[in-house]
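The next block is data_17.txt, given as compact mmCIF, C-alpha atoms.
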```txt
# COMPACT_ATOMS: atom_id res chain seq x y z
CA MET P 18 0.00 0.00 0.00
CA GLY P 19 1.54 3.30 -1.10
CA ILE P 20 1.07 6.88 -0.07
CA LYS P 21 -1.82 8.58 -1.82
CA ARG P 22 -1.14 11.80 -3.67
CA TYR P 23 -3.66 14.58 -3.30
CA ASP P 24 -2.83 16.93 -6.15
CA ARG P 25 -5.71 19.26 -5.44
CA PHE P 26 -5.25 19.43 -1.68
CA ARG P 27 -5.86 23.01 -0.58
CA GLU P 28 -3.88 24.06 2.43
CA SER P 29 -5.66 25.87 5.23
CA VAL P 30 -4.62 29.35 6.31
CA ASP P 31 -3.47 27.95 9.67
CA TYR P 32 -1.32 25.33 7.94
CA THR P 33 0.23 27.92 5.60
CA PHE P 34 0.88 30.28 8.53
CA ALA P 35 2.57 27.48 10.50
CA LEU P 36 4.61 26.40 7.46
CA ILE P 37 5.85 29.95 6.84
CA ASN P 38 6.98 30.24 10.45
CA ALA P 39 8.61 26.80 10.39
CA GLU P 40 10.51 27.64 7.18
CA ALA P 41 11.67 30.98 8.63
CA ASP P 42 12.76 29.34 11.88
CA THR P 43 14.61 26.52 10.09
CA ASP P 44 16.64 28.66 7.71
CA ARG P 45 16.97 32.32 8.63
CA TYR P 46 18.70 33.08 5.32
CA GLN P 47 15.84 31.77 3.17
CA THR P 48 12.75 33.96 3.42
CA PRO P 49 9.45 32.24 2.63
CA GLN P 50 7.78 33.67 -0.47
CA LEU P 51 4.16 33.54 -1.62
CA ASN P 52 3.12 34.56 -5.13
CA THR P 53 -0.25 35.12 -6.74
CA ILE P 54 -1.46 31.99 -8.53
CA SER P 55 -2.66 34.03 -11.53
CA ASN P 56 -2.03 37.49 -12.93
CA ASP P 57 -5.79 37.97 -12.60
CA TYR P 58 -5.22 38.60 -8.86
CA ASN P 59 -2.23 40.94 -9.17
CA GLU P 60 -4.12 44.23 -9.13
CA GLU P 61 -6.39 43.35 -6.21
CA PHE P 62 -3.46 41.92 -4.23
CA THR P 63 -1.12 44.85 -4.87
CA LYS P 64 -3.82 47.43 -4.07
CA TYR P 65 -4.48 45.70 -0.76
CA LEU P 66 -0.78 45.59 0.13
CA TRP P 67 -0.45 49.28 -0.81
CA GLU P 68 -3.35 50.14 1.53
CA ILE P 69 -1.96 48.31 4.57
CA ALA P 70 1.74 49.13 4.06
CA GLU P 71 3.69 51.43 6.32
CA ILE P 72 6.33 52.06 3.64
CA ARG P 73 5.70 52.23 -0.13
CA ARG P 74 8.09 52.62 -3.08
CA ILE P 75 7.87 52.70 -6.86
CA ASP P 76 10.94 51.93 -8.96
CA SER P 77 11.64 51.43 -12.65
CA ILE P 78 14.08 49.69 -14.95
CA GLY P 79 15.04 51.32 -18.22
CA GLY P 80 13.10 53.83 -20.27
CA THR P 81 14.05 57.36 -21.28
CA GLU P 82 14.29 58.54 -17.62
CA ALA P 83 17.04 56.03 -16.78
CA LYS P 84 20.42 57.53 -16.05
CA PRO P 85 23.42 55.81 -17.68
CA GLY P 86 24.54 52.80 -15.68
CA MET P 87 21.37 52.68 -13.56
CA ARG P 88 19.56 49.36 -13.60
CA ARG P 89 16.78 50.10 -11.13
CA TYR P 90 15.91 53.57 -9.88
CA SER P 91 13.22 55.33 -7.85
CA ILE P 92 10.34 57.02 -9.67
CA ASP P 93 8.21 57.85 -6.60
CA GLU P 94 8.27 61.54 -7.48
CA LEU P 95 7.37 60.94 -11.15
CA VAL P 96 4.30 58.67 -10.97
CA GLU P 97 1.33 57.96 -8.76
CA PHE P 98 0.37 54.43 -7.72
CA GLU P 99 -3.17 54.93 -9.06
CA ASP P 100 -1.77 55.84 -12.50
CA ILE P 101 0.27 52.66 -12.95
CA ILE P 102 -1.59 49.88 -11.12
CA HIS P 103 -3.69 49.14 -14.23
CA MET P 104 -0.57 47.39 -15.61
CA ALA P 105 -0.64 44.76 -12.82
CA SER P 106 -2.06 42.07 -15.10
CA THR P 107 1.25 42.17 -17.03
CA GLY P 108 3.13 41.24 -13.88
CA ILE P 109 6.19 39.08 -14.27
CA VAL P 110 6.00 38.27 -10.57
CA CYS P 111 3.71 39.43 -7.77
CA GLY P 112 3.78 38.35 -4.16
CA ILE P 113 5.24 38.74 -0.70
CA LYS P 114 8.42 37.71 1.08
CA VAL P 115 8.09 37.01 4.79
CA CYS P 116 11.19 38.30 6.58
CA LYS P 117 10.74 37.08 10.13
CA TYR P 118 14.43 37.51 10.94
CA PRO P 119 15.82 40.52 9.04
CA MET P 120 19.52 40.22 8.28
CA GLY P 121 20.29 43.93 8.51
CA SER P 122 19.17 47.04 10.33
CA PHE P 123 19.88 49.66 7.67
CA MET P 124 16.27 50.27 6.75
CA GLU P 125 13.48 51.21 9.15
CA TYR P 126 11.40 48.12 8.33
CA GLN P 127 14.35 45.84 9.21
CA THR P 128 14.11 47.06 12.81
CA TRP P 129 10.41 46.27 13.32
CA SER P 130 9.69 43.83 16.11
CA GLY P 131 8.75 40.43 14.67
CA GLY P 132 10.12 41.18 11.21
CA TYR P 133 8.37 42.48 8.12
CA ILE P 134 6.53 41.49 4.97
CA GLU P 135 7.88 42.77 1.67
CA GLY P 136 5.21 43.02 -1.01
CA PHE P 137 6.33 43.31 -4.61
CA ILE P 138 5.23 43.33 -8.22
CA ARG P 139 7.31 43.70 -11.37
CA MET P 140 5.20 44.68 -14.36
CA ASP P 141 5.35 46.25 -17.78
CA SER P 142 5.13 49.98 -18.32
CA ASP P 143 2.89 51.73 -20.81
CA ASP P 144 4.91 54.96 -20.44
CA GLU P 145 8.00 55.34 -22.63
CA ARG P 146 9.79 57.06 -19.75
CA PHE P 147 9.99 53.71 -17.95
CA GLY P 148 10.78 50.18 -19.15
CA GLU P 149 9.15 48.32 -16.28
CA TYR P 150 7.52 49.26 -13.00
CA PHE P 151 8.36 47.79 -9.60
CA ILE P 152 6.07 48.41 -6.65
CA TRP P 153 7.44 47.65 -3.19
CA THR P 154 5.47 47.64 0.05
CA TYR P 155 6.75 47.04 3.57
CA ILE P 156 4.23 45.75 6.08
CA ARG P 157 4.46 44.84 9.76
CA MET P 158 4.48 41.11 10.46
CA GLU P 159 1.29 41.14 12.54
CA LYS P 160 -0.68 41.65 9.30
CA LEU P 161 0.46 38.33 7.79
CA ARG P 162 -2.52 36.26 8.93
CA GLY P 163 -4.93 38.86 7.54
CA ILE P 164 -3.20 38.74 4.15
CA LEU P 165 -3.35 34.94 4.13
CA GLU P 166 -7.04 34.95 5.05
CA LYS P 167 -8.05 37.63 2.53
CA PHE P 168 -6.16 35.97 -0.33
CA ASP P 169 -6.71 32.33 0.58
CA GLY P 170 -6.70 30.39 -2.69
CA LYS P 171 -5.20 33.33 -4.61
CA ILE P 172 -1.60 33.14 -3.36
CA LYS P 173 0.63 30.12 -2.83
CA LEU P 174 3.78 29.38 -0.88
CA LEU P 175 6.71 28.62 -3.15
```

Produce structure tokens that represent the structure in this file.
Amino acid sequence: MGIKRYDRFRESVDYTFALINAEADTDRYQTPQLNTISNDYNEEFTKYLWEIAEIRRIDSIGGTEAKPGMRRYSIDELVEFEDIIHMASTGIVCGIKVCKYPMGSFMEYQTWSGGYIEGFIRMDSDDERFGEYFIWTYIRMEKLRGILEKFDGKIKLL
């Protein structure tokens, strides 16, 4: 008698939460990551992260605004979140990294008690000034369970 495979087994929020914590506790250098399961959820997910984030950033790669030698650069002062989020469905990757044990203390979010959640999306640009958009959000760890509950079935642990 062999072990049965359950290909369509859907993990509970509690199980995912426990697994994230176990992964973080086991290897402090490998941060658990969850991504959206479909680009159809990118806009809703990124808007929610933007709303609950304490720190928000928008960066770009390439385009006519890029300075020579700059791969990724800040465009916070050049665009508004609401003006670019419509490109979320073109996302190359969209998700969160759970940083329970930050490795540094250079940035404010790395000093938060309990760690932080880094939300991200990399997506195309429809503005010739920018090649691609990156949206970064930094969220306090106590909001992790709420994210998992709200997006249950729409994000998965890698």

What's the 7 Å shell around range 79-83 of chain P, counting all atoms listed in the file, without same-chain residues fewer than 6 positions away, as a list of chain:residue names? P:Glu145, P:Arg146, P:Phe147, P:Gly148, P:Glu149

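Remark: for Cys111 in chain P, the closest of the candidate residues P:Glu125, P:Ser142, P:Ser29, P:Asn52 is P:Asn52 (distances computed over only C-alpha atoms).
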
Find, counting only C-alpha atoms, the residue in P:Met120, P:Met87, P:Val115, P:Leu51 that gets nearest to Lys160 in chain P.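 The shortest atom-to-atom distance to Lys160 in chain P comes from P:Val115.
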
Would you compute the distance between CA of Thr128 in chain P and CA of Met140 in chain P? Give it in Å to one decimal.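 Rounded to one decimal, the two atoms are 28.7 Å apart.
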
CA of Ile138 in chain P to CA of Ile109 in chain P, straight-line distance in Å: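 These two atoms are separated by 7.5 Å.
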
Per residue of range 27-126 of chain P within 10 Å of range 162-165 of chain P, what are the shortest atom pair and its distance in Å to one decimal, counting only C-alpha atoms, with rows by chain and residue number, as a tab-separated table?
```
residue	atom	partner	partner_atom	distance
P:Ser29	CA	P:Leu165	CA	9.4
P:Val30	CA	P:Leu165	CA	6.1
P:Asp31	CA	P:Arg162	CA	8.4
P:Thr33	CA	P:Leu165	CA	8.0
P:Phe34	CA	P:Arg162	CA	6.9
P:Leu51	CA	P:Leu165	CA	9.6
P:Phe62	CA	P:Ile164	CA	9.0
P:Tyr65	CA	P:Ile164	CA	8.6
P:Leu66	CA	P:Ile164	CA	8.3
P:Ile69	CA	P:Ile164	CA	9.7
P:Ile113	CA	P:Ile164	CA	9.7
```

Measuring between only C-alpha atoms, which one of P:Phe123, P:Tyr58, P:Tyr118, P:Trp67 shows the shortest distance to Tyr155 in chain P? P:Trp67

For the atom pair CA of Gln50 in chain P and CA of Glu99 in chain P, what is the interatomic distance in Å to one decimal place? 25.4 Å

Name the closest residue to Gln127 in chain P among the candidates P:Ile72, P:Ala105, P:Ile172, P:Val96; distances are taken between atoms, counting all atoms listed in the file. P:Ile72

Calculated over only C-alpha atoms, which of the candidates P:Tyr32, P:Tyr90, P:Phe168, P:Phe98 has the smallest distance to Ser77 in chain P? P:Tyr90

From the options P:Pro119, P:Lys114, P:Thr63, P:Glu68, which residue's atoms come nearest to Arg139 in chain P, counting all atoms listed in the file? P:Thr63

Give me, as a ChimeraX atom specification, all polymer residues having an atom no more than 9 Å from range 93-95 of chain P, counting all atoms listed in the file and skipping those fewer than 2 positions away in the same chain. /P:73-76,91,97-98
